[in-house]
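Participant: Submitted below is the structure of interest, expressed as structure tokens.
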Amino acid sequence: MQPVSNPIQACNEIFYRPNRVFYTLKTTSNWSWVPFFMVCLAASLVSYMYFSVIDFEWYVNLQLESMGDMSPAEEQQFRQMQDQTTYMYTALAGPFIALPLLNLIVALYLHLTTKSDADNVQGYTDWYGLTWWTALPAIISALVALLIIALSDHQISPNVLQPTSLAFIFGVPVSSSWSGLASSVSLITLWSVYLTTCGIAQWTSFSTKKSAIVAAAPYVIIFGIWCIITLL
């Protein structure tokens with residue numbers, strides 16, 4: 001298999017030749033900084049754009065609706081704590097903190113579940129780097145979100161931040177008990193699972209089926225438990 005020559009080319013080919021990209025990454029170091037910045041920057045830009053154009057009073061009212069019954073004093077206290085500028089700055093910095101922490105956990109899972117394979121010579125940091133390549137489809141989601149925000153009015157559901165999620169596609173209201181789960185399940189999630197499957201298959205001797213099970217297992221378990229809790 002012909003290797004990829006540089007990280008920019010890899011960021012492009014991950015969408016249609018993922019096996020070739022992961023084949024190259026198996027013996028390449030320090031390329032993962034590129035998708036890291038691309039993914040975090042895209043997430044920051046979308047969130048910042050949303051909170052900079054949203055009708056903030058409407059947004060606060062929307063959040064209050066999702067919080068259930070509150071006393072007038074509690075509602076007043078909540079309103080006083082809300083500040084649009086704070087939301088905007090948090091939107092800028094948040095992805096650069098939250099996403100690396102989340103991927104640390106994902107990388108640990110991948111490292112531990114593949115550690116027993118004799119053909120696996122990748123260390124924890126290698127698997128951490130892989131998580132950023134598998135997250136690259138989020139950039140497409142971000143571009144769609146930016147387009148929708150730019151063409152919408154100032155009262156648009158926060159579900160737009162994940163335009164490929166079930167919450168956005170089916171119009172699940174923020175006040176619904178299913179909102180959190182529906183916002184987390186998206187077409188991008190499935191795409192990332194597919195890319196993770198390709199990465200595991202390239203870096204280990206696991207079959208495609210076993211790689212897919214390893215890649216999908218956390219989502220199936222987490223979403224399954226979440227669904228049961230919501231039903232109860």
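Residues are referred to by chain and number: the chain letter is A, B, ... according to the order shown in the structure tokens, the number counts from 1 in that chain, and ligands are numbered separately from 1 in the order shown.
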Excluding Thr134 in chain A and residues on its chain fewer than 5 positions from it, collect all residues at most 9 Å away from it, counting only C-alpha atoms, and give them as a list in words.
Facilitator: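 Here the answer would be Ile14, Trp191, Ser192, Val193, Tyr194, Leu195, Thr196 and Gly199 of chain A.
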Participant: Considering only C-alpha atoms, return as a list of chain:residue names whatever protein or nucleic-acid residues lie within 10 Å of Asp117 in chain A, sequence-local ones (same chain, fewer than 2 positions apart) excluded.
Facilitator: A:Thr113, A:Thr114, A:Lys115, A:Asp119, A:Asn120, A:Val121, A:Trp203, A:Thr204, A:Ser205, A:Phe206
Participant: Go ahead and dump the residues you just picked, N, CA, C and O atoms, as a CSV table (one decimal), in the first residue's frame.
Facilitator:
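Result saved to result_2.csv:
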```csv
chain,number,residue,atom,x,y,z
A,113,THR,N,-7.7,-2.3,25.1
A,113,THR,CA,-8.4,-3.4,24.4
A,113,THR,C,-7.5,-4.0,23.3
A,113,THR,O,-7.9,-5.1,22.8
A,114,THR,N,-6.5,-3.3,22.9
A,114,THR,CA,-5.6,-3.8,21.8
A,114,THR,C,-4.3,-4.3,22.3
A,114,THR,O,-3.5,-4.8,21.5
A,115,LYS,N,-4.1,-4.1,23.6
A,115,LYS,CA,-2.7,-4.4,24.2
A,115,LYS,C,-2.3,-5.8,24.1
A,115,LYS,O,-1.1,-6.2,23.9
A,119,ASP,N,0.7,-8.1,17.3
A,119,ASP,CA,1.1,-7.2,16.2
A,119,ASP,C,0.9,-5.8,16.6
A,119,ASP,O,1.3,-4.9,15.8
A,120,ASN,N,0.4,-5.5,17.7
A,120,ASN,CA,0.2,-4.1,18.1
A,120,ASN,C,1.4,-3.5,18.8
A,120,ASN,O,1.8,-3.9,19.9
A,121,VAL,N,2.1,-2.7,18.1
A,121,VAL,CA,3.3,-2.0,18.6
A,121,VAL,C,3.1,-0.6,19.0
A,121,VAL,O,4.0,0.1,19.4
A,203,TRP,N,-3.7,-1.3,12.5
A,203,TRP,CA,-2.6,-1.3,13.5
A,203,TRP,C,-2.5,-2.6,14.3
A,203,TRP,O,-1.6,-2.7,15.1
A,204,THR,N,-3.5,-3.5,14.1
A,204,THR,CA,-3.4,-4.7,14.8
A,204,THR,C,-3.7,-5.9,13.8
A,204,THR,O,-3.9,-5.7,12.7
A,205,SER,N,-3.7,-7.1,14.4
A,205,SER,CA,-4.1,-8.2,13.6
A,205,SER,C,-5.6,-8.6,13.7
A,205,SER,O,-6.0,-9.6,13.2
A,206,PHE,N,-6.3,-7.7,14.4
A,206,PHE,CA,-7.7,-7.9,14.5
A,206,PHE,C,-8.4,-8.0,13.2
A,206,PHE,O,-8.1,-7.2,12.3
```
Participant: Just the number, please: distance in Å from CA of Ile221 in chain A to CA of Val106 in chain A, one decimal.
Facilitator: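 For CA of Ile221 in chain A relative to CA of Val106 in chain A, the distance reads 13.7 Å.
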Participant: What is the CA of Gln2 in chain A to CA of Asn103 in chain A distance in Å?
Facilitator: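 Computing it gives 28.5 Å between the two atoms.
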Participant: Using only C-alpha atoms, which of the listed residues (A:Ala135, A:Ile8, A:Ile148, A:Ile105) sits closest to Pro218 in chain A?
Facilitator: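 Counting only C-alpha atoms, the residue closest to Pro218 in chain A is A:Ile105.
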Participant: Of the candidates A:Thr28, A:Thr125, A:Ser175, A:Ala118, which shows the shortest atom-to-atom distance to Asp69 in chain A, using only C-alpha atoms?
Facilitator: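 Among A:Thr28, A:Thr125, A:Ser175, A:Ala118, it is A:Ser175 that comes nearest to Asp69 in chain A.
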Participant: Within 8 Å of range 49-65 of chain A, counting only C-alpha atoms, which residues show up once you throw out same-chain ones fewer than 6 positions away? Write them as a PyMOL selection string, please.
Facilitator: chain A and resi 75+79+82+84+87-88+91+146+149+154-156+158+161+174-175
Participant: Nearest to Leu45 in chain A: which of A:Thr90, A:Thr27, A:Asn159, A:Ser5 is it, counting only C-alpha atoms?
Facilitator: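 Once distances to Leu45 in chain A are computed over only C-alpha atoms, the minimum belongs to A:Thr90.
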Participant: Give me, please, the distance in Å between CA of Val4 in chain A and CA of Phe22 in chain A, quoted to one decimal.
Facilitator: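 A separation of 9.1 Å between them.
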Participant: For Tyr109 in chain A, which of A:Ser179, A:Ala215, A:Ala93, A:Trp33 is the closest residue, counting only C-alpha atoms?
Facilitator: A:Ala215
Participant: Which residue, A:Ser183, A:Thr131, A:Ser177, A:Gln9, has the smallest gap to Val160 in chain A when you use only C-alpha atoms?
Facilitator: A:Ser183
Participant: Using only C-alpha atoms, which residues sit within 10 Å of Ala167 in chain A once same-chain residues fewer than 3 positions away are excluded, as number ranges by chain?
Facilitator: A: 157-160, 162-164, 170-174, 176, 178-186
